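Structure data follow from run-v3.pdb (PDB, C-alpha atoms and all ligand atoms):
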```pdb
MODEL        1
ATOM      1  CA  MET A   1       0.000   0.000   0.000
ATOM      2  CA  ALA A   2       1.283   3.432  -0.953
ATOM      3  CA  ALA A   3       0.820   6.378   1.400
ATOM      4  CA  GLU A   4      -0.750   9.370  -0.322
ATOM      5  CA  ARG A   5      -1.486  12.926   0.692
ATOM      6  CA  ALA A   6      -4.384  14.937  -0.733
ATOM      7  CA  LEU A   7      -6.669  17.903  -0.282
ATOM      8  CA  ALA A   8     -10.214  16.598   0.000
ATOM      9  CA  ILE A   9     -13.851  17.591   0.331
ATOM     10  CA  VAL A  10     -16.035  15.250   2.379
ATOM     11  CA  VAL A  11     -18.908  14.373   0.045
ATOM     12  CA  ARG A  12     -20.430  11.395   1.881
ATOM     13  CA  GLY A  13     -20.029   9.690   5.202
ATOM     14  CA  THR A  14     -21.366   6.456   6.629
ATOM     15  CA  ASP A  15     -20.885   5.079  10.105
ATOM     16  CA  TRP A  16     -19.150   1.731   9.867
ATOM     17  CA  SER A  17     -18.864   0.578  13.451
ATOM     18  CA  GLU A  18     -18.882   1.957  16.983
ATOM     19  CA  THR A  19     -15.646   3.791  16.319
ATOM     20  CA  SER A  20     -15.060   3.887  12.573
ATOM     21  CA  ARG A  21     -16.509   5.580   9.537
ATOM     22  CA  ILE A  22     -16.460   5.037   5.811
ATOM     23  CA  THR A  23     -16.129   8.372   4.137
ATOM     24  CA  THR A  24     -16.278   9.364   0.487
ATOM     25  CA  LEU A  25     -13.891  12.148  -0.367
ATOM     26  CA  PHE A  26     -13.444  14.118  -3.552
ATOM     27  CA  THR A  27      -9.746  14.937  -3.677
ATOM     28  CA  ARG A  28      -7.963  17.493  -5.803
ATOM     29  CA  GLU A  29      -5.129  15.083  -6.593
ATOM     30  CA  PHE A  30      -6.865  11.736  -7.133
ATOM     31  CA  GLY A  31     -10.545  12.431  -7.699
ATOM     32  CA  LYS A  32     -13.007  10.363  -5.677
ATOM     33  CA  VAL A  33     -11.573   8.227  -2.901
ATOM     34  CA  ARG A  34     -13.526   5.991  -0.538
ATOM     35  CA  ALA A  35     -11.727   5.291   2.678
ATOM     36  CA  LEU A  36     -12.183   3.706   6.061
ATOM     37  CA  ALA A  37     -11.348   5.972   8.984
ATOM     38  CA  LYS A  38     -10.618   3.703  11.931
ATOM     39  CA  GLY A  39     -11.321   5.605  15.100
ATOM     40  CA  GLY A  40     -12.954   8.327  13.035
ATOM     41  CA  ARG A  41     -15.863   8.539  15.444
ATOM     42  CA  ARG A  42     -13.740   8.919  18.553
ATOM     43  CA  LEU A  43     -13.222  12.381  19.941
ATOM     44  CA  LYS A  44      -9.476  12.001  20.323
ATOM     45  CA  SER A  45      -7.914  10.407  17.293
ATOM     46  CA  ASN A  46      -5.728  11.200  14.325
ATOM     47  CA  PHE A  47      -8.743  12.873  12.811
ATOM     48  CA  ASP A  48      -9.489  16.357  13.964
ATOM     49  CA  VAL A  49     -12.475  16.470  11.637
ATOM     50  CA  ALA A  50     -15.750  14.755  12.348
ATOM     51  CA  PHE A  51     -16.072  14.127   8.596
ATOM     52  CA  ASP A  52     -18.976  16.493   8.358
ATOM     53  CA  LEU A  53     -20.242  16.842   4.824
ATOM     54  CA  LEU A  54     -18.599  19.634   2.833
ATOM     55  CA  THR A  55     -15.596  19.928   5.142
ATOM     56  CA  VAL A  56     -12.307  20.500   3.319
ATOM     57  CA  CYS A  57      -9.370  18.664   4.872
ATOM     58  CA  GLN A  58      -5.802  17.593   4.235
ATOM     59  CA  ILE A  59      -5.712  13.807   4.351
ATOM     60  CA  MET A  60      -3.159  11.029   4.436
ATOM     61  CA  PHE A  61      -4.323   7.636   3.290
ATOM     62  CA  LEU A  62      -3.039   4.223   2.376
ATOM     63  CA  ARG A  63      -4.122   3.265  -1.089
ATOM     64  CA  LYS A  64      -5.279  -0.300  -1.504
ATOM     65  CA  ALA A  65      -3.765  -2.080  -4.459
ATOM     66  CA  SER A  66      -7.034  -3.516  -5.687
ATOM     67  CA  GLY A  67     -10.673  -3.190  -4.937
ATOM     68  CA  GLY A  68     -10.988  -2.660  -1.206
ATOM     69  CA  LEU A  69     -11.421   0.531   0.707
ATOM     70  CA  ASP A  70      -8.449   2.806   1.198
ATOM     71  CA  LEU A  71      -7.378   3.399   4.770
ATOM     72  CA  LEU A  72      -7.445   6.951   6.054
ATOM     73  CA  THR A  73      -4.601   7.556   8.483
ATOM     74  CA  GLU A  74      -4.840  11.288   9.097
ATOM     75  CA  ALA A  75      -7.237  14.154   8.400
ATOM     76  CA  ARG A  76      -6.580  17.769   9.256
ATOM     77  CA  LEU A  77      -9.263  20.427   9.009
ATOM     78  CA  GLU A  78      -8.523  22.950   6.275
ATOM     79  CA  GLU A  79     -11.716  24.900   5.638
ATOM     80  CA  GLN A  80     -15.354  24.836   6.621
ATOM     81  CA  PHE A  81     -18.301  26.837   5.397
ATOM     82  CA  PRO A  82     -20.235  27.681   8.561
ATOM     83  CA  ALA A  83     -22.379  30.255   6.781
ATOM     84  CA  LEU A  84     -23.988  27.394   4.821
ATOM     85  CA  ARG A  85     -25.584  26.265   8.076
ATOM     86  CA  GLN A  86     -27.324  29.596   8.352
ATOM     87  CA  ASN A  87     -29.065  29.597   5.007
ATOM     88  CA  LEU A  88     -31.165  26.577   4.103
ATOM     89  CA  PRO A  89     -31.243  27.047   0.286
ATOM     90  CA  ALA A  90     -27.465  27.487   0.302
ATOM     91  CA  LEU A  91     -27.037  24.351   2.430
ATOM     92  CA  TYR A  92     -29.171  22.294   0.037
ATOM     93  CA  ALA A  93     -27.147  23.696  -2.860
ATOM     94  CA  GLY A  94     -23.958  22.629  -1.040
ATOM     95  CA  TYR A  95     -25.340  19.107  -0.560
ATOM     96  CA  TYR A  96     -26.244  19.086  -4.254
ATOM     97  CA  VAL A  97     -22.614  19.896  -5.125
ATOM     98  CA  ALA A  98     -21.559  16.985  -2.881
ATOM     99  CA  GLU A  99     -24.037  14.639  -4.590
ATOM    100  CA  LEU A 100     -22.706  15.491  -8.059
ATOM    101  CA  LEU A 101     -19.141  14.900  -6.866
ATOM    102  CA  ALA A 102     -19.987  11.641  -5.066
ATOM    103  CA  ASP A 103     -22.274  10.090  -7.693
ATOM    104  CA  GLY A 104     -21.173  11.829 -10.878
ATOM    105  CA  THR A 105     -17.464  11.000 -10.835
ATOM    106  CA  GLN A 106     -15.481   7.775 -10.913
ATOM    107  CA  ASP A 107     -12.982   6.593  -8.298
ATOM    108  CA  TYR A 108      -9.465   7.844  -8.974
ATOM    109  CA  ASP A 109     -10.519  10.058 -11.868
ATOM    110  CA  PRO A 110      -9.074  13.453 -10.923
ATOM    111  CA  HIS A 111     -10.625  16.703 -12.133
ATOM    112  CA  VAL A 112      -8.707  19.632 -10.655
ATOM    113  CA  PRO A 113     -10.985  22.305 -12.187
ATOM    114  CA  LEU A 114     -14.009  20.514 -10.729
ATOM    115  CA  PHE A 115     -12.461  20.393  -7.258
ATOM    116  CA  ASP A 116     -11.547  24.078  -7.445
ATOM    117  CA  ALA A 117     -15.017  24.994  -8.716
ATOM    118  CA  ALA A 118     -16.615  23.045  -5.867
ATOM    119  CA  VAL A 119     -14.608  24.909  -3.227
ATOM    120  CA  GLU A 120     -15.313  28.250  -4.911
ATOM    121  CA  THR A 121     -19.010  27.400  -5.090
ATOM    122  CA  LEU A 122     -19.154  26.437  -1.413
ATOM    123  CA  ARG A 123     -17.433  29.706  -0.519
ATOM    124  CA  ALA A 124     -19.866  31.688  -2.671
ATOM    125  CA  LEU A 125     -22.859  29.834  -1.249
ATOM    126  CA  GLY A 126     -21.504  30.391   2.227
ATOM    127  CA  SER A 127     -21.354  34.134   1.849
ATOM    128  CA  PRO A 128     -23.797  35.583   4.383
ATOM    129  CA  THR A 129     -24.937  38.116   1.812
ATOM    130  CA  PRO A 130     -24.664  37.891  -1.951
ATOM    131  CA  PRO A 131     -22.068  40.141  -3.531
ATOM    132  CA  ALA A 132     -23.490  43.464  -4.613
ATOM    133  CA  PRO A 133     -23.480  44.056  -8.355
ATOM    134  CA  LEU A 134     -20.314  45.825  -9.401
ATOM    135  CA  PRO A 135     -20.367  48.770 -11.775
ATOM    136  CA  GLU A 136     -19.814  48.123 -15.484
ATOM    137  CA  GLY A 137     -21.431  44.706 -15.194
ATOM    138  CA  LYS A 138     -18.354  43.034 -13.751
ATOM    139  CA  GLY A 139     -20.377  40.969 -11.279
ATOM    140  CA  GLU A 140     -18.749  37.788 -10.016
ATOM    141  CA  SER A 141     -15.991  38.018 -12.566
ATOM    142  CA  GLY A 142     -14.528  40.863 -10.534
ATOM    143  CA  ARG A 143     -13.503  38.380  -7.874
ATOM    144  CA  VAL A 144     -10.091  36.840  -7.924
ATOM    145  CA  ALA A 145     -10.413  33.098  -8.298
ATOM    146  CA  SER A 146      -8.073  31.434  -5.869
ATOM    147  CA  THR A 147      -7.238  27.802  -5.583
ATOM    148  CA  ASP A 148      -5.168  28.376  -2.468
ATOM    149  CA  LEU A 149      -7.110  27.392   0.570
ATOM    150  CA  PRO A 150      -6.659  29.478   3.701
ATOM    151  CA  ASP A 151      -4.891  27.873   6.602
ATOM    152  CA  ALA A 152      -6.725  26.594   9.624
ATOM    153  CA  SER A 153      -6.407  29.870  11.509
ATOM    154  CA  LYS A 154      -8.446  31.715   8.916
ATOM    155  CA  PHE A 155     -11.768  29.920   8.968
ATOM    156  CA  ARG A 156     -14.611  32.047   7.949
ATOM    157  CA  ARG A 157     -16.897  32.808  10.798
ATOM    158  CA  SER A 158     -20.295  34.313  10.606
ATOM    159  CA  VAL A 159     -22.275  36.151  13.230
ATOM    160  CA  SER A 160     -25.528  36.027  11.318
ATOM    161  CA  PRO A 161     -28.555  34.593  13.093
ATOM    162  CA  PRO A 162     -29.642  31.157  11.880
ATOM    163  CA  PHE A 163     -31.253  30.971   8.448
ATOM    164  CA  ARG A 164     -31.379  34.666   7.846
ATOM    165  CA  GLU A 165     -32.677  35.219   4.344
ATOM    166  CA  ALA A 166     -30.610  37.863   2.657
ATOM    167  CA  PRO A 167     -32.289  39.740  -0.189
ATOM    168  CA  GLY A 168     -31.505  38.146  -3.509
ATOM    169  CA  VAL A 169     -29.887  35.091  -1.981
ATOM    170  CA  GLY A 170     -32.047  32.856  -4.149
ATOM    171  CA  SER A 171     -30.623  34.378  -7.298
ATOM    172  CA  SER A 172     -27.087  34.062  -5.947
ATOM    173  CA  THR A 173     -27.671  30.390  -5.097
ATOM    174  CA  ALA A 174     -29.189  29.571  -8.490
ATOM    175  CA  GLY A 175     -26.358  31.323 -10.329
ATOM    176  CA  ALA A 176     -23.675  29.567  -8.293
ATOM    177  CA  VAL A 177     -25.335  26.159  -8.755
ATOM    178  CA  SER A 178     -25.763  26.688 -12.495
ATOM    179  CA  ALA A 179     -22.133  27.728 -12.933
ATOM    180  CA  PHE A 180     -20.987  24.653 -10.975
ATOM    181  CA  GLU A 181     -23.189  22.332 -13.033
ATOM    182  CA  LEU A 182     -21.598  23.685 -16.206
ATOM    183  CA  VAL A 183     -18.095  22.941 -14.860
ATOM    184  CA  TRP A 184     -19.266  19.440 -13.854
ATOM    185  CA  LEU A 185     -20.770  18.853 -17.317
ATOM    186  CA  HIS A 186     -17.638  20.181 -19.025
ATOM    187  CA  GLU A 187     -15.296  18.008 -16.950
ATOM    188  CA  LEU A 188     -17.365  14.927 -17.722
ATOM    189  CA  GLY A 189     -17.342  15.780 -21.408
ATOM    190  CA  TYR A 190     -20.986  16.810 -21.653
ATOM    191  CA  SER A 191     -20.923  20.582 -22.031
ATOM    192  CA  PRO A 192     -24.249  21.590 -23.578
ATOM    193  CA  ARG A 193     -23.779  22.295 -27.264
ATOM    194  CA  LEU A 194     -25.004  25.828 -27.895
ATOM    195  CA  ASP A 195     -23.365  27.020 -31.109
ATOM    196  CA  ALA A 196     -24.269  24.054 -33.293
ATOM    197  CA  CYS A 197     -27.063  21.476 -33.472
ATOM    198  CA  ALA A 198     -26.497  18.668 -30.964
ATOM    199  CA  GLY A 199     -28.144  16.287 -33.448
ATOM    200  CA  CYS A 200     -26.482  16.914 -36.811
ATOM    201  CA  GLY A 201     -23.723  19.377 -35.917
ATOM    202  CA  ILE A 202     -24.815  22.127 -38.300
ATOM    203  CA  GLU A 203     -23.646  25.494 -37.001
ATOM    204  CA  ARG A 204     -26.185  28.021 -35.881
ATOM    205  CA  VAL A 205     -26.276  31.192 -37.940
ATOM    206  CA  ASN A 206     -27.291  33.295 -34.954
ATOM    207  CA  PRO A 207     -26.197  31.617 -31.678
ATOM    208  CA  SER A 208     -27.992  34.327 -29.672
ATOM    209  CA  ALA A 209     -31.411  33.514 -31.099
ATOM    210  CA  ALA A 210     -34.050  31.334 -29.477
ATOM    211  CA  ALA A 211     -33.821  27.635 -30.345
ATOM    212  CA  LEU A 212     -35.076  24.185 -29.453
ATOM    213  CA  TYR A 213     -33.029  22.535 -26.682
ATOM    214  CA  SER A 214     -32.876  18.902 -25.643
ATOM    215  CA  PRO A 215     -31.356  17.730 -22.325
ATOM    216  CA  SER A 216     -30.944  14.170 -23.680
ATOM    217  CA  ALA A 217     -29.302  15.329 -26.920
ATOM    218  CA  GLY A 218     -27.148  17.687 -24.868
ATOM    219  CA  GLY A 219     -27.792  21.035 -26.480
ATOM    220  CA  VAL A 220     -29.706  23.031 -29.043
ATOM    221  CA  LEU A 221     -31.378  21.418 -32.040
ATOM    222  CA  CYS A 222     -31.839  22.683 -35.573
ATOM    223  CA  PRO A 223     -35.356  22.819 -37.071
ATOM    224  CA  GLN A 224     -34.678  19.579 -38.957
ATOM    225  CA  CYS A 225     -33.510  17.537 -35.953
ATOM    226  CA  GLY A 226     -35.780  19.084 -33.319
ATOM    227  CA  PRO A 227     -39.120  17.418 -34.117
ATOM    228  CA  ALA A 228     -37.629  13.918 -33.755
ATOM    229  CA  VAL A 229     -36.354  14.488 -30.205
ATOM    230  CA  ALA A 230     -38.917  13.761 -27.498
ATOM    231  CA  ASP A 231     -37.591  15.994 -24.723
ATOM    232  CA  ARG A 232     -37.158  19.092 -26.905
ATOM    233  CA  ARG A 233     -38.232  22.365 -25.407
ATOM    234  CA  GLY A 234     -38.008  25.966 -26.442
ATOM    235  CA  ALA A 235     -35.114  28.014 -25.082
ATOM    236  CA  SER A 236     -35.018  31.793 -25.314
ATOM    237  CA  GLY A 237     -32.016  33.590 -26.725
ATOM    238  CA  ALA A 238     -31.495  35.210 -23.319
ATOM    239  CA  ALA A 239     -31.330  31.836 -21.556
ATOM    240  CA  LEU A 240     -28.920  30.385 -24.127
ATOM    241  CA  SER A 241     -26.729  33.488 -23.843
ATOM    242  CA  ALA A 242     -26.811  33.167 -20.040
ATOM    243  CA  LEU A 243     -25.721  29.520 -20.331
ATOM    244  CA  ARG A 244     -22.856  30.527 -22.566
ATOM    245  CA  ALA A 245     -21.768  33.304 -20.195
ATOM    246  CA  LEU A 246     -22.059  31.060 -17.115
ATOM    247  CA  GLY A 247     -20.010  28.392 -18.864
ATOM    248  CA  ALA A 248     -17.306  30.915 -19.685
ATOM    249  CA  GLY A 249     -17.162  31.919 -16.022
ATOM    250  CA  GLY A 250     -18.035  35.488 -16.897
ATOM    251  CA  ALA A 251     -21.592  35.789 -15.672
ATOM    252  CA  GLY A 252     -22.545  36.888 -12.218
ATOM    253  CA  PRO A 253     -25.608  35.653 -10.385
ATOM    254  CA  GLU A 254     -27.582  38.740 -11.325
ATOM    255  CA  LEU A 255     -29.717  37.124 -14.016
ATOM    256  CA  ALA A 256     -33.256  38.321 -14.537
ATOM    257  CA  PRO A 257     -35.632  36.031 -12.595
ATOM    258  CA  ALA A 258     -37.311  34.684 -15.738
ATOM    259  CA  VAL A 259     -33.939  33.876 -17.353
ATOM    260  CA  ARG A 260     -32.688  32.309 -14.126
ATOM    261  CA  THR A 261     -35.756  30.059 -13.968
ATOM    262  CA  GLU A 262     -35.355  29.070 -17.599
ATOM    263  CA  VAL A 263     -31.658  28.275 -17.124
ATOM    264  CA  ARG A 264     -32.596  26.005 -14.214
ATOM    265  CA  HIS A 265     -35.197  24.237 -16.416
ATOM    266  CA  LEU A 266     -32.525  23.610 -19.059
ATOM    267  CA  LEU A 267     -29.603  22.645 -16.818
ATOM    268  CA  GLY A 268     -31.291  20.486 -14.161
ATOM    269  CA  PRO A 269     -32.659  17.996 -16.746
ATOM    270  CA  THR A 270     -29.320  18.037 -18.606
ATOM    271  CA  VAL A 271     -27.498  17.056 -15.404
ATOM    272  CA  SER A 272     -30.131  14.357 -14.775
ATOM    273  CA  CYS A 273     -29.537  12.882 -18.248
ATOM    274  CA  VAL A 274     -25.766  12.710 -17.713
ATOM    275  CA  LEU A 275     -26.124  11.282 -14.202
ATOM    276  CA  GLY A 276     -28.693   8.754 -15.398
ATOM    277  CA  ARG A 277     -31.232   9.815 -12.799
ATOM    278  CA  ARG A 278     -32.601  12.959 -11.236
ATOM    279  CA  PRO A 279     -30.223  14.056  -8.448
ATOM    280  CA  ARG A 280     -31.868  13.621  -5.059
ATOM    281  CA  LEU A 281     -31.087  17.191  -4.045
ATOM    282  CA  LEU A 282     -32.162  18.816  -7.306
ATOM    283  CA  GLY A 283     -35.735  19.300  -6.140
ATOM    284  CA  TYR A 284     -34.482  21.076  -3.027
ATOM    285  CA  VAL A 285     -32.311  23.348  -5.144
ATOM    286  CA  ASP A 286     -34.994  24.197  -7.675
ATOM    287  CA  GLY A 287     -37.913  24.054  -5.257
ATOM    288  CA  GLY A 288     -39.864  21.428  -7.140
TER     289      GLY A 288
HETATM  290 ZN    ZN B   1     -29.636  19.238 -36.589
ENDMDL
END
```
Here is a file; write its structure as structure tokens.
Ligand SMILES: [Zn+2]
Amino acid sequence: MAAERALAIVVRGTDWSETSRITTLFTREFGKVRALAKGGRRLKSNFDVAFDLLTVCQIMFLRKASGGLDLLTEARLEEQFPALRQNLPALYAGYYVAELLADGTQDYDPHVPLFDAAVETLRALGSPTPPAPLPEGKGESGRVASTDLPDASKFRRSVSPPFREAPGVGSSTAGAVSAFELVWLHELGYSPRLDACAGCGIERVNPSAAALYSPSAGGVLCPQCGPAVADRRGASGAALSALRALGAGGAGPELAPAVRTEVRHLLGPTVSCVLGRRPRLLGYVDGG
């Protein structure tokens, strides 16, 4: 067994025995890792994390040569998102991120951009108040994207009362979730096709115009292909432009409510098609 070190997000945990846990971790270095933490339920152990969902930690683990669970030997708390606990929609969105990482990736299939996007999303969701719109439409893009995690002395703390609803937090949550889904789809090789027909590949003359869209086909459809696809639906030019901007990382969460709703109706089913089922948390995220 080789000893490995990794930065990890806890995406699932299961009690294994009186003292041990099986935990599913999405690591920056190795992708998804499932490991047994012996003594992981004891207060005093090599693990100073309780393996709470969405905790970021530095781990050491022994990698099993074949099949069996890896063995976690050390876990050190790196970052938590306490503000998520104070906003229920944001917490559900965080659990949704964890579900896509746990169920939508393969063991030992690393995706660094996906890991970084997950941490950035959890930070954005954990903000007690959504960022105010910046002048000149800079929005979220005005923030410096950092992949460096703060050290343990710099945990974010919030003094907000429990579940305070900040104005506009719904829009911030939907925008952050949509942007994360697009990274997830891209990393898995299923970015929605927006500039050409997902059926026949013919390029769209005006990519900003309204078009038919199919979650199962994975993008827009030309007038010839559209009628043959059962789950086709109309998509406005504004929604398709928003998808393109979100995918490029340039759009803030300040989408018009109607566009935001439409983007959710396009992306949620697309994620479901790629995952092979509707994510359990998707209804909590989209409220339906
Ligand atoms: Zn076509």
Can you tell me how far atom CA of Glu262 of chain A sits from atom CA of Ser214 of chain A, in Å to one decimal?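 Atom CA of Ser214 of chain A lies 13.2 Å from atom CA of Glu262 of chain A.
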Go through A:Cys197, A:Val220, A:Ala256, A:Leu7 one by one, measure the shortest atom-to-atom distance of each to ligand ZN 1 (chain B) using all atoms listed in the file, and give the residue with the smallest value.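 Checking each candidate against ligand ZN 1 (chain B), we get A:Cys197 as the closest.
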Could you check the closest approach to ligand ZN 1 (chain B) for each of A:Ala211, A:Ile22, A:Ala235, A:Leu267 and tell me which residue wins, using all atoms listed in the file? A:Ala211
Min atom-atom distance to ligand ZN 1 (chain B) from the set A:Ser127, A:Ser236, A:Thr19, A:Gln224, counting all atoms listed in the file, belongs to A:Gln224
Give as JSON, numbers by chain every residue, naming chains and numbers as the document does, that has an atom within 12 Å of (-4.4, 9.7, 6.0), counting only C-alpha atoms. {"A": [2, 3, 4, 5, 6, 7, 8, 23, 25, 33, 34, 35, 36, 37, 38, 40, 45, 46, 47, 48, 49, 57, 58, 59, 60, 61, 62, 63, 70, 71, 72, 73, 74, 75, 76]}
Tell me which protein, DNA and RNA residues are within 8 Å of Leu243 of chain A, counting all atoms listed in the file, leaving out same-chain ones fewer than 4 positions away, and put them as a PyMOL selection string. chain A and resi 239+247+263
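Using only C-alpha atoms and all ligand atoms, the shortest contact distance between ligand ZN 1 (chain B) and any of A:Glu181, A:Asp195, A:Asp103, A:Asp15 is found at A:Asp195.
With distances taken over all atoms listed in the file, A:Gly201 is the one residue among A:Pro257, A:Gly249, A:Gly201, A:Gly287 lying closest to ligand ZN 1 (chain B).
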Grab me every residue within 9 Å of ligand ZN 1 (chain B), counting all atoms listed in the file, and send it over as an MDAnalysis selection string. chainID A and resid 196:203 220:226
Ranking A:Ser241, A:Glu99, A:His186, A:Asp231 by minimum distance to Leu212 of chain A and counting all atoms listed in the file, which one comes first? A:Asp231
Reconstruct N, CA and C atoms of segment 182-196 of chain A; output as a tab-separated table (two decimals), in the frame of the given file.
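part.tsv written:
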```tsv
chain	number	residue	atom	x	y	z
A	182	LEU	N	-22.25	23.58	-14.90
A	182	LEU	CA	-21.60	23.68	-16.21
A	182	LEU	C	-20.15	23.21	-16.14
A	183	VAL	N	-19.46	23.47	-15.02
A	183	VAL	CA	-18.10	22.94	-14.86
A	183	VAL	C	-18.15	21.42	-14.79
A	184	TRP	N	-19.09	20.90	-14.00
A	184	TRP	CA	-19.27	19.44	-13.85
A	184	TRP	C	-19.53	18.80	-15.22
A	185	LEU	N	-20.46	19.39	-15.99
A	185	LEU	CA	-20.77	18.85	-17.32
A	185	LEU	C	-19.54	18.91	-18.22
A	186	HIS	N	-18.82	20.02	-18.17
A	186	HIS	CA	-17.64	20.18	-19.02
A	186	HIS	C	-16.58	19.14	-18.68
A	187	GLU	N	-16.34	18.95	-17.38
A	187	GLU	CA	-15.30	18.01	-16.95
A	187	GLU	C	-15.66	16.57	-17.33
A	188	LEU	N	-16.95	16.28	-17.35
A	188	LEU	CA	-17.36	14.93	-17.72
A	188	LEU	C	-17.50	14.76	-19.23
A	189	GLY	N	-17.28	15.86	-19.95
A	189	GLY	CA	-17.34	15.78	-21.41
A	189	GLY	C	-18.73	15.98	-21.98
A	190	TYR	N	-19.61	16.63	-21.20
A	190	TYR	CA	-20.99	16.81	-21.65
A	190	TYR	C	-21.42	18.27	-21.62
A	191	SER	N	-20.51	19.18	-21.95
A	191	SER	CA	-20.92	20.58	-22.03
A	191	SER	C	-22.09	20.71	-23.00
A	192	PRO	N	-23.15	21.42	-22.63
A	192	PRO	CA	-24.25	21.59	-23.58
A	192	PRO	C	-23.76	22.26	-24.86
A	193	ARG	N	-24.19	21.73	-25.98
A	193	ARG	CA	-23.78	22.30	-27.26
A	193	ARG	C	-24.72	23.45	-27.60
A	194	LEU	N	-24.17	24.63	-27.74
A	194	LEU	CA	-25.00	25.83	-27.90
A	194	LEU	C	-24.80	26.52	-29.24
A	195	ASP	N	-23.67	26.31	-29.87
A	195	ASP	CA	-23.36	27.02	-31.11
A	195	ASP	C	-23.64	26.19	-32.36
A	196	ALA	N	-23.96	24.93	-32.16
A	196	ALA	CA	-24.27	24.05	-33.29
A	196	ALA	C	-25.30	23.03	-32.83
```
